[in-house]
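Content type mmCIF, N, CA and C atoms, from the file structure_34.cif:
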```
data_work
loop_
_atom_site.label_atom_id
_atom_site.label_comp_id
_atom_site.auth_asym_id
_atom_site.auth_seq_id
_atom_site.Cartn_x
_atom_site.Cartn_y
_atom_site.Cartn_z
N MET A 1212 -138.35 -60.86 -108.30
CA MET A 1212 -136.94 -60.98 -108.05
C MET A 1212 -136.74 -61.55 -106.64
N ALA A 1213 -135.92 -62.56 -106.55
CA ALA A 1213 -135.65 -63.17 -105.26
C ALA A 1213 -134.82 -62.22 -104.41
N LYS A 1214 -135.09 -62.22 -103.13
CA LYS A 1214 -134.33 -61.36 -102.22
C LYS A 1214 -133.27 -62.20 -101.55
N GLN A 1215 -132.17 -61.55 -101.25
CA GLN A 1215 -131.04 -62.26 -100.68
C GLN A 1215 -130.39 -61.37 -99.63
N ALA A 1216 -130.05 -61.93 -98.50
CA ALA A 1216 -129.42 -61.17 -97.44
C ALA A 1216 -127.98 -60.87 -97.81
N VAL A 1217 -127.55 -59.63 -97.53
CA VAL A 1217 -126.18 -59.22 -97.76
C VAL A 1217 -125.66 -58.63 -96.46
N THR A 1218 -124.49 -59.07 -96.04
CA THR A 1218 -123.89 -58.56 -94.81
C THR A 1218 -122.74 -57.64 -95.17
N MET A 1219 -122.72 -56.46 -94.56
CA MET A 1219 -121.65 -55.50 -94.80
C MET A 1219 -121.21 -54.92 -93.47
N ARG A 1220 -119.93 -54.62 -93.37
CA ARG A 1220 -119.42 -53.90 -92.20
C ARG A 1220 -119.37 -52.42 -92.56
N LEU A 1221 -120.02 -51.62 -91.76
CA LEU A 1221 -120.10 -50.19 -92.03
C LEU A 1221 -119.45 -49.40 -90.91
N GLU A 1222 -118.78 -48.34 -91.29
CA GLU A 1222 -118.20 -47.44 -90.29
C GLU A 1222 -119.32 -46.70 -89.57
N ALA A 1223 -119.01 -46.19 -88.41
CA ALA A 1223 -120.00 -45.46 -87.62
C ALA A 1223 -120.54 -44.25 -88.38
N THR A 1224 -119.68 -43.61 -89.17
CA THR A 1224 -120.14 -42.44 -89.93
C THR A 1224 -121.17 -42.83 -90.98
N VAL A 1225 -121.02 -44.01 -91.56
CA VAL A 1225 -121.99 -44.48 -92.56
C VAL A 1225 -123.33 -44.77 -91.88
N ILE A 1226 -123.27 -45.35 -90.69
CA ILE A 1226 -124.49 -45.60 -89.93
C ILE A 1226 -125.18 -44.29 -89.59
N ASP A 1227 -124.39 -43.30 -89.21
CA ASP A 1227 -124.95 -41.97 -88.93
C ASP A 1227 -125.62 -41.39 -90.17
N ASP A 1228 -124.98 -41.55 -91.32
CA ASP A 1228 -125.55 -41.07 -92.58
C ASP A 1228 -126.86 -41.78 -92.90
N LEU A 1229 -126.90 -43.08 -92.67
CA LEU A 1229 -128.13 -43.85 -92.90
C LEU A 1229 -129.24 -43.37 -91.98
N ASN A 1230 -128.89 -43.12 -90.73
CA ASN A 1230 -129.89 -42.62 -89.78
C ASN A 1230 -130.38 -41.24 -90.20
N TYR A 1231 -129.48 -40.40 -90.71
CA TYR A 1231 -129.86 -39.07 -91.18
C TYR A 1231 -130.80 -39.18 -92.38
N LEU A 1232 -130.46 -40.06 -93.34
CA LEU A 1232 -131.34 -40.27 -94.48
C LEU A 1232 -132.69 -40.82 -94.04
N ASN A 1233 -132.66 -41.71 -93.06
CA ASN A 1233 -133.89 -42.27 -92.51
C ASN A 1233 -134.78 -41.14 -92.01
N TYR A 1234 -134.18 -40.19 -91.30
CA TYR A 1234 -134.92 -39.03 -90.78
C TYR A 1234 -135.46 -38.17 -91.93
N LEU A 1235 -134.58 -37.86 -92.90
CA LEU A 1235 -134.99 -37.00 -94.02
C LEU A 1235 -136.10 -37.63 -94.85
N MET A 1236 -136.02 -38.93 -95.07
CA MET A 1236 -136.99 -39.63 -95.91
C MET A 1236 -138.24 -40.02 -95.15
N ARG A 1237 -138.20 -39.82 -93.83
CA ARG A 1237 -139.30 -40.29 -92.99
C ARG A 1237 -139.57 -41.77 -93.26
N ALA A 1238 -138.48 -42.51 -93.41
CA ALA A 1238 -138.58 -43.93 -93.72
C ALA A 1238 -139.03 -44.70 -92.48
N LYS A 1239 -139.60 -45.86 -92.73
CA LYS A 1239 -140.07 -46.70 -91.64
C LYS A 1239 -138.93 -47.53 -91.03
N SER A 1240 -137.85 -47.69 -91.79
CA SER A 1240 -136.73 -48.47 -91.30
C SER A 1240 -135.47 -48.13 -92.08
N THR A 1241 -134.33 -48.52 -91.52
CA THR A 1241 -133.07 -48.36 -92.22
C THR A 1241 -133.06 -49.23 -93.46
N ALA A 1242 -133.70 -50.37 -93.40
CA ALA A 1242 -133.78 -51.26 -94.56
C ALA A 1242 -134.46 -50.57 -95.73
N GLN A 1243 -135.47 -49.76 -95.45
CA GLN A 1243 -136.15 -49.02 -96.52
C GLN A 1243 -135.20 -48.01 -97.15
N VAL A 1244 -134.40 -47.33 -96.34
CA VAL A 1244 -133.43 -46.36 -96.84
C VAL A 1244 -132.41 -47.07 -97.73
N VAL A 1245 -131.87 -48.16 -97.24
CA VAL A 1245 -130.87 -48.92 -98.01
C VAL A 1245 -131.48 -49.41 -99.31
N SER A 1246 -132.70 -49.92 -99.24
CA SER A 1246 -133.37 -50.42 -100.44
C SER A 1246 -133.53 -49.32 -101.48
N GLU A 1247 -133.93 -48.12 -101.04
CA GLU A 1247 -134.11 -47.02 -101.99
C GLU A 1247 -132.78 -46.56 -102.58
N VAL A 1248 -131.74 -46.50 -101.74
CA VAL A 1248 -130.43 -46.10 -102.24
C VAL A 1248 -129.91 -47.12 -103.24
N VAL A 1249 -130.07 -48.41 -102.93
CA VAL A 1249 -129.63 -49.46 -103.85
C VAL A 1249 -130.42 -49.38 -105.16
N THR A 1250 -131.71 -49.15 -105.07
CA THR A 1250 -132.55 -49.04 -106.27
C THR A 1250 -132.11 -47.84 -107.12
N LEU A 1251 -131.84 -46.71 -106.48
CA LEU A 1251 -131.37 -45.54 -107.21
C LEU A 1251 -130.02 -45.78 -107.88
N ALA A 1252 -129.11 -46.38 -107.13
CA ALA A 1252 -127.78 -46.66 -107.70
C ALA A 1252 -127.88 -47.66 -108.85
N ALA A 1253 -128.68 -48.70 -108.66
CA ALA A 1253 -128.84 -49.71 -109.72
C ALA A 1253 -129.47 -49.10 -110.96
N GLY A 1254 -130.45 -48.25 -110.77
CA GLY A 1254 -131.09 -47.59 -111.92
C GLY A 1254 -130.15 -46.68 -112.67
N ALA A 1255 -129.28 -46.01 -111.92
CA ALA A 1255 -128.34 -45.07 -112.54
C ALA A 1255 -127.30 -45.77 -113.40
N ILE A 1256 -126.95 -46.99 -113.03
CA ILE A 1256 -125.89 -47.69 -113.77
C ILE A 1256 -126.41 -48.83 -114.64
N LYS A 1257 -127.71 -49.05 -114.65
CA LYS A 1257 -128.30 -50.18 -115.39
C LYS A 1257 -127.92 -50.17 -116.86
N ALA A 1258 -127.84 -48.99 -117.45
CA ALA A 1258 -127.55 -48.89 -118.89
C ALA A 1258 -126.16 -49.40 -119.24
N VAL A 1259 -125.22 -49.34 -118.31
CA VAL A 1259 -123.86 -49.74 -118.63
C VAL A 1259 -123.48 -51.11 -118.06
N VAL A 1260 -124.38 -51.75 -117.35
CA VAL A 1260 -124.09 -53.06 -116.74
C VAL A 1260 -124.56 -54.17 -117.67
N SER A 1261 -123.73 -55.18 -117.80
CA SER A 1261 -124.09 -56.32 -118.65
C SER A 1261 -125.21 -57.13 -118.01
N ASP A 1262 -125.69 -58.14 -118.72
CA ASP A 1262 -126.78 -58.99 -118.23
C ASP A 1262 -126.30 -60.18 -117.42
N ASP A 1263 -125.06 -60.15 -116.96
CA ASP A 1263 -124.50 -61.24 -116.17
C ASP A 1263 -125.32 -61.43 -114.89
N PRO A 1264 -125.91 -62.62 -114.68
CA PRO A 1264 -126.76 -62.83 -113.49
C PRO A 1264 -125.99 -62.82 -112.18
N GLU A 1265 -124.67 -62.87 -112.23
CA GLU A 1265 -123.88 -62.83 -111.00
C GLU A 1265 -123.75 -61.41 -110.44
N LEU A 1266 -124.03 -60.40 -111.27
CA LEU A 1266 -123.89 -59.02 -110.82
C LEU A 1266 -125.03 -58.63 -109.89
N LEU A 1267 -124.73 -57.79 -108.92
CA LEU A 1267 -125.72 -57.37 -107.93
C LEU A 1267 -126.94 -56.74 -108.58
N ALA A 1268 -126.73 -55.93 -109.60
CA ALA A 1268 -127.85 -55.26 -110.27
C ALA A 1268 -128.79 -56.26 -110.92
N ASN A 1269 -128.30 -57.45 -111.19
CA ASN A 1269 -129.13 -58.48 -111.83
C ASN A 1269 -129.56 -59.57 -110.83
N GLY A 1270 -129.43 -59.29 -109.56
CA GLY A 1270 -129.87 -60.24 -108.54
C GLY A 1270 -128.78 -61.12 -107.97
N GLY A 1271 -127.55 -60.93 -108.41
CA GLY A 1271 -126.43 -61.74 -107.93
C GLY A 1271 -125.75 -61.12 -106.73
N THR A 1272 -124.52 -61.52 -106.50
CA THR A 1272 -123.79 -61.07 -105.32
C THR A 1272 -122.49 -60.34 -105.66
N VAL A 1273 -122.18 -60.16 -106.93
CA VAL A 1273 -120.92 -59.55 -107.34
C VAL A 1273 -121.17 -58.10 -107.77
N LEU A 1274 -120.39 -57.19 -107.21
CA LEU A 1274 -120.48 -55.78 -107.60
C LEU A 1274 -119.63 -55.55 -108.85
N SER A 1275 -120.25 -55.00 -109.88
CA SER A 1275 -119.49 -54.65 -111.09
C SER A 1275 -118.64 -53.43 -110.78
N ARG A 1276 -117.73 -53.11 -111.66
CA ARG A 1276 -116.89 -51.92 -111.49
C ARG A 1276 -117.75 -50.66 -111.43
N GLU A 1277 -118.78 -50.62 -112.26
CA GLU A 1277 -119.67 -49.46 -112.26
C GLU A 1277 -120.42 -49.34 -110.94
N GLU A 1278 -120.85 -50.49 -110.38
CA GLU A 1278 -121.55 -50.46 -109.09
C GLU A 1278 -120.60 -50.03 -107.98
N GLN A 1279 -119.36 -50.49 -108.03
CA GLN A 1279 -118.37 -50.07 -107.04
C GLN A 1279 -118.16 -48.56 -107.12
N ASP A 1280 -118.06 -48.03 -108.33
CA ASP A 1280 -117.92 -46.59 -108.50
C ASP A 1280 -119.14 -45.85 -107.97
N ALA A 1281 -120.33 -46.38 -108.25
CA ALA A 1281 -121.57 -45.76 -107.78
C ALA A 1281 -121.62 -45.74 -106.26
N TRP A 1282 -121.24 -46.85 -105.63
CA TRP A 1282 -121.24 -46.91 -104.16
C TRP A 1282 -120.23 -45.93 -103.58
N ALA A 1283 -119.06 -45.83 -104.23
CA ALA A 1283 -118.05 -44.88 -103.75
C ALA A 1283 -118.59 -43.46 -103.83
N THR A 1284 -119.30 -43.14 -104.91
CA THR A 1284 -119.89 -41.81 -105.08
C THR A 1284 -120.95 -41.55 -104.02
N VAL A 1285 -121.83 -42.52 -103.78
CA VAL A 1285 -122.88 -42.37 -102.76
C VAL A 1285 -122.24 -42.20 -101.38
N ARG A 1286 -121.23 -43.00 -101.09
CA ARG A 1286 -120.58 -42.93 -99.78
C ARG A 1286 -119.90 -41.57 -99.60
N ARG A 1287 -119.21 -41.10 -100.65
CA ARG A 1287 -118.55 -39.81 -100.58
C ARG A 1287 -119.57 -38.69 -100.35
N TRP A 1288 -120.70 -38.77 -101.07
CA TRP A 1288 -121.76 -37.77 -100.90
C TRP A 1288 -122.30 -37.80 -99.48
N LEU A 1289 -122.53 -38.99 -98.94
CA LEU A 1289 -123.05 -39.10 -97.58
C LEU A 1289 -122.06 -38.53 -96.57
N GLN A 1290 -120.78 -38.81 -96.78
CA GLN A 1290 -119.77 -38.27 -95.86
C GLN A 1290 -119.71 -36.75 -95.93
N GLU A 1291 -119.83 -36.21 -97.14
CA GLU A 1291 -119.85 -34.75 -97.29
C GLU A 1291 -121.07 -34.16 -96.61
N ARG A 1292 -122.21 -34.82 -96.74
CA ARG A 1292 -123.43 -34.34 -96.07
C ARG A 1292 -123.25 -34.38 -94.56
N ALA A 1293 -122.64 -35.44 -94.07
CA ALA A 1293 -122.49 -35.60 -92.63
C ALA A 1293 -121.54 -34.55 -92.04
N THR A 1294 -120.54 -34.16 -92.82
CA THR A 1294 -119.58 -33.18 -92.33
C THR A 1294 -119.96 -31.75 -92.67
N GLY A 1295 -121.04 -31.59 -93.45
CA GLY A 1295 -121.52 -30.27 -93.79
C GLY A 1295 -120.69 -29.55 -94.83
N THR A 1296 -119.95 -30.30 -95.65
CA THR A 1296 -119.12 -29.68 -96.67
C THR A 1296 -119.83 -29.58 -98.02
N VAL A 1297 -121.11 -29.93 -98.07
CA VAL A 1297 -121.86 -29.85 -99.33
C VAL A 1297 -122.45 -28.47 -99.49
#
```
What is this file in structure tokens?
Amino acid sequence: MAKQAVTMRLEATVIDDLNYLNYLMRAKSTAQVVSEVVTLAAGAIKAVVSDDPELLANGGTVLSREEQDAWATVRRWLQERATGTV
């Protein structure tokens, strides 16, 4: 699978969450954490995503509705972890 750079603007709290996950996972880099989270999210929604090559799960750049929902869930979970409400 070809790799492609994606640029995102993240809030400071999301960066803090990534750093926390980096620590918990004993990851070698933030990129490794992001890669694992993306892989987990993609695997969780793969069954409901079509084979459209434009979708992120299929190597494209477009987030499907399911992927957007998955990212919202991951982000909400990370924010809850960061604030200690879990």
Practice prompt. Using the chain letters and numbering of this document, enumerate as a list in words the residues selected by the PyMOL selection byres (((chain A and resi 1274 and name CA) around 12) and name CA).
Written response: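 Applied to this file, the PyMOL selection byres (((chain A and resi 1274 and name CA) around 12) and name CA) selects Val1217, Val1249, Ala1252, Ala1253, Ile1256, Val1260, Ser1261, Asp1263, Pro1264, Glu1265, Leu1266, Leu1267, Ala1268, Asn1269, Gly1270, Gly1271, Thr1272, Val1273, Ser1275, Arg1276, Glu1277, Glu1278, Gln1279, Asp1280, Ala1281, Trp1282 and Ala1283 of chain A.
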Item to complete: Go through A:Asp1262, A:Thr1294, A:Leu1289, A:Ala1255 one by one, measure the shortest atom-to-atom distance of each to Leu1229 in chain A using only C-alpha atoms, and give the residue with the smallest value.
Response: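 Nearest to Leu1229 in chain A: A:Leu1289.
For the pair CA of Gly1295 in chain A and atom N of Glu1247 in chain A, the separation is 22.9 Å.
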Practice prompt. As JSON, numbers by chain, please: all residues of chain A that backbone DSSP puts in helix (DSSP H, G or I).
Written response: {"A": [1223, 1224, 1225, 1226, 1227, 1228, 1229, 1230, 1231, 1232, 1233, 1234, 1235, 1236, 1241, 1242, 1243, 1244, 1245, 1246, 1247, 1248, 1249, 1250, 1251, 1252, 1253, 1254, 1255, 1256, 1257, 1258, 1259, 1267, 1268, 1269, 1276, 1277, 1278, 1279, 1280, 1281, 1282, 1283, 1284, 1285, 1286, 1287, 1288, 1289, 1290, 1291, 1292, 1293, 1294]}
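Interatomic distance, CA of Ile1226 in chain A to CA of Thr1241 in chain A: 9.3 Å.
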Item to complete: Give as number ranges by chain the residues that the PyMOL selection byres (((chain A and resi 1244 and name CA) around 12) and name CA) matches when applied to the coordinates above.
Response: A: 1226, 1228-1243, 1245-1251
Worksheet item: In Å, how far is it from atom C of Arg1286 in chain A to CA of Asp1227 in chain A?
Response: 11.8 Å
Range 1223-1238 of chain A from the block above, all heavy atoms, as a tab-separated table (two decimals), in the first residue's frame, please?
```tsv
chain	number	residue	atom	x	y	z
A	1223	ALA	N	-4.12	21.35	21.28
A	1223	ALA	CA	-3.07	21.00	22.24
A	1223	ALA	C	-3.46	19.78	23.07
A	1223	ALA	O	-2.61	18.95	23.39
A	1223	ALA	CB	-2.77	22.19	23.15
A	1224	THR	N	-4.75	19.66	23.39
A	1224	THR	CA	-5.18	18.51	24.19
A	1224	THR	C	-5.01	17.20	23.42
A	1224	THR	O	-4.69	16.18	24.01
A	1224	THR	CB	-6.65	18.65	24.62
A	1224	THR	OG1	-7.47	18.83	23.47
A	1224	THR	CG2	-6.85	19.81	25.57
A	1225	VAL	N	-5.20	17.24	22.11
A	1225	VAL	CA	-5.02	16.04	21.29
A	1225	VAL	C	-3.54	15.67	21.26
A	1225	VAL	O	-3.18	14.50	21.36
A	1225	VAL	CB	-5.57	16.24	19.87
A	1225	VAL	CG1	-5.29	15.03	18.98
A	1225	VAL	CG2	-7.07	16.51	19.92
A	1226	ILE	N	-2.68	16.67	21.15
A	1226	ILE	CA	-1.24	16.42	21.18
A	1226	ILE	C	-0.84	15.81	22.52
A	1226	ILE	O	-0.06	14.86	22.57
A	1226	ILE	CB	-0.44	17.73	20.93
A	1226	ILE	CG1	-0.76	18.29	19.55
A	1226	ILE	CG2	1.06	17.50	21.10
A	1226	ILE	CD1	-0.35	17.42	18.40
A	1227	ASP	N	-1.42	16.33	23.60
A	1227	ASP	CA	-1.15	15.76	24.93
A	1227	ASP	C	-1.59	14.30	24.99
A	1227	ASP	O	-0.90	13.45	25.55
A	1227	ASP	CB	-1.85	16.56	26.02
A	1227	ASP	CG	-1.26	17.95	26.20
A	1227	ASP	OD1	-0.10	18.17	25.76
A	1227	ASP	OD2	-1.95	18.81	26.78
A	1228	ASP	N	-2.76	14.01	24.42
A	1228	ASP	CA	-3.26	12.64	24.40
A	1228	ASP	C	-2.34	11.73	23.60
A	1228	ASP	O	-2.07	10.59	24.00
A	1228	ASP	CB	-4.67	12.59	23.80
A	1228	ASP	CG	-5.70	13.28	24.69
A	1228	ASP	OD1	-5.44	13.42	25.89
A	1228	ASP	OD2	-6.75	13.66	24.15
A	1229	LEU	N	-1.85	12.22	22.47
A	1229	LEU	CA	-0.92	11.43	21.66
A	1229	LEU	C	0.37	11.16	22.43
A	1229	LEU	O	0.90	10.05	22.40
A	1229	LEU	CB	-0.61	12.14	20.34
A	1229	LEU	CG	-1.72	12.12	19.30
A	1229	LEU	CD1	-1.35	13.02	18.12
A	1229	LEU	CD2	-2.00	10.71	18.82
A	1230	ASN	N	0.85	12.17	23.12
A	1230	ASN	CA	2.06	11.99	23.93
A	1230	ASN	C	1.82	10.98	25.05
A	1230	ASN	O	2.70	10.16	25.36
A	1230	ASN	CB	2.53	13.33	24.51
A	1230	ASN	CG	3.11	14.22	23.43
A	1230	ASN	OD1	3.60	13.74	22.41
A	1230	ASN	ND2	3.05	15.51	23.66
A	1231	TYR	N	0.63	11.02	25.65
A	1231	TYR	CA	0.29	10.07	26.71
A	1231	TYR	C	0.23	8.65	26.15
A	1231	TYR	O	0.77	7.71	26.74
A	1231	TYR	CB	-1.04	10.48	27.34
A	1231	TYR	CG	-1.49	9.56	28.45
A	1231	TYR	CD1	-0.76	9.46	29.63
A	1231	TYR	CD2	-2.64	8.80	28.32
A	1231	TYR	CE1	-1.17	8.63	30.66
A	1231	TYR	CE2	-3.05	7.96	29.35
A	1231	TYR	CZ	-2.32	7.88	30.51
A	1231	TYR	OH	-2.73	7.04	31.52
A	1232	LEU	N	-0.42	8.48	24.98
A	1232	LEU	CA	-0.46	7.17	24.35
A	1232	LEU	C	0.95	6.71	23.98
A	1232	LEU	O	1.27	5.52	24.10
A	1232	LEU	CB	-1.34	7.20	23.10
A	1232	LEU	CG	-2.84	7.21	23.34
A	1232	LEU	CD1	-3.58	7.37	22.02
A	1232	LEU	CD2	-3.28	5.95	24.05
A	1233	ASN	N	1.77	7.63	23.52
A	1233	ASN	CA	3.15	7.32	23.18
A	1233	ASN	C	3.85	6.73	24.40
A	1233	ASN	O	4.54	5.71	24.32
A	1233	ASN	CB	3.85	8.59	22.71
A	1233	ASN	CG	5.18	8.33	22.05
A	1233	ASN	OD1	5.75	7.26	22.17
A	1233	ASN	ND2	5.67	9.33	21.36
A	1234	TYR	N	3.63	7.35	25.56
A	1234	TYR	CA	4.22	6.87	26.81
A	1234	TYR	C	3.67	5.49	27.18
A	1234	TYR	O	4.41	4.57	27.52
A	1234	TYR	CB	3.95	7.88	27.92
A	1234	TYR	CG	4.27	7.37	29.30
A	1234	TYR	CD1	5.59	7.27	29.73
A	1234	TYR	CD2	3.26	6.96	30.16
A	1234	TYR	CE1	5.89	6.78	31.00
A	1234	TYR	CE2	3.55	6.48	31.42
A	1234	TYR	CZ	4.87	6.40	31.84
A	1234	TYR	OH	5.15	5.90	33.08
A	1235	LEU	N	2.33	5.35	27.13
A	1235	LEU	CA	1.70	4.07	27.50
A	1235	LEU	C	2.14	2.92	26.59
A	1235	LEU	O	2.35	1.80	27.06
A	1235	LEU	CB	0.18	4.18	27.44
A	1235	LEU	CG	-0.50	5.02	28.52
A	1235	LEU	CD1	-2.00	5.05	28.28
A	1235	LEU	CD2	-0.20	4.46	29.90
A	1236	MET	N	2.26	3.20	25.30
A	1236	MET	CA	2.59	2.17	24.33
A	1236	MET	C	4.09	1.93	24.23
A	1236	MET	O	4.53	1.02	23.54
A	1236	MET	CB	2.05	2.55	22.95
A	1236	MET	CG	0.54	2.63	22.90
A	1236	MET	SD	-0.08	3.41	21.38
A	1236	MET	CE	0.72	2.45	20.14
A	1237	ARG	N	4.85	2.79	24.90
A	1237	ARG	CA	6.31	2.74	24.77
A	1237	ARG	C	6.70	2.78	23.29
A	1237	ARG	O	7.57	2.06	22.83
A	1237	ARG	CB	6.87	1.50	25.44
A	1237	ARG	CG	6.71	1.53	26.94
A	1237	ARG	CD	7.33	0.31	27.59
A	1237	ARG	NE	7.25	0.38	29.03
A	1237	ARG	CZ	6.23	-0.07	29.76
A	1237	ARG	NH1	5.20	-0.58	29.17
A	1237	ARG	NH2	6.25	0.02	31.07
A	1238	ALA	N	5.99	3.63	22.56
A	1238	ALA	CA	6.21	3.76	21.12
A	1238	ALA	C	7.51	4.50	20.86
A	1238	ALA	O	8.00	5.26	21.69
A	1238	ALA	CB	5.04	4.50	20.48
```
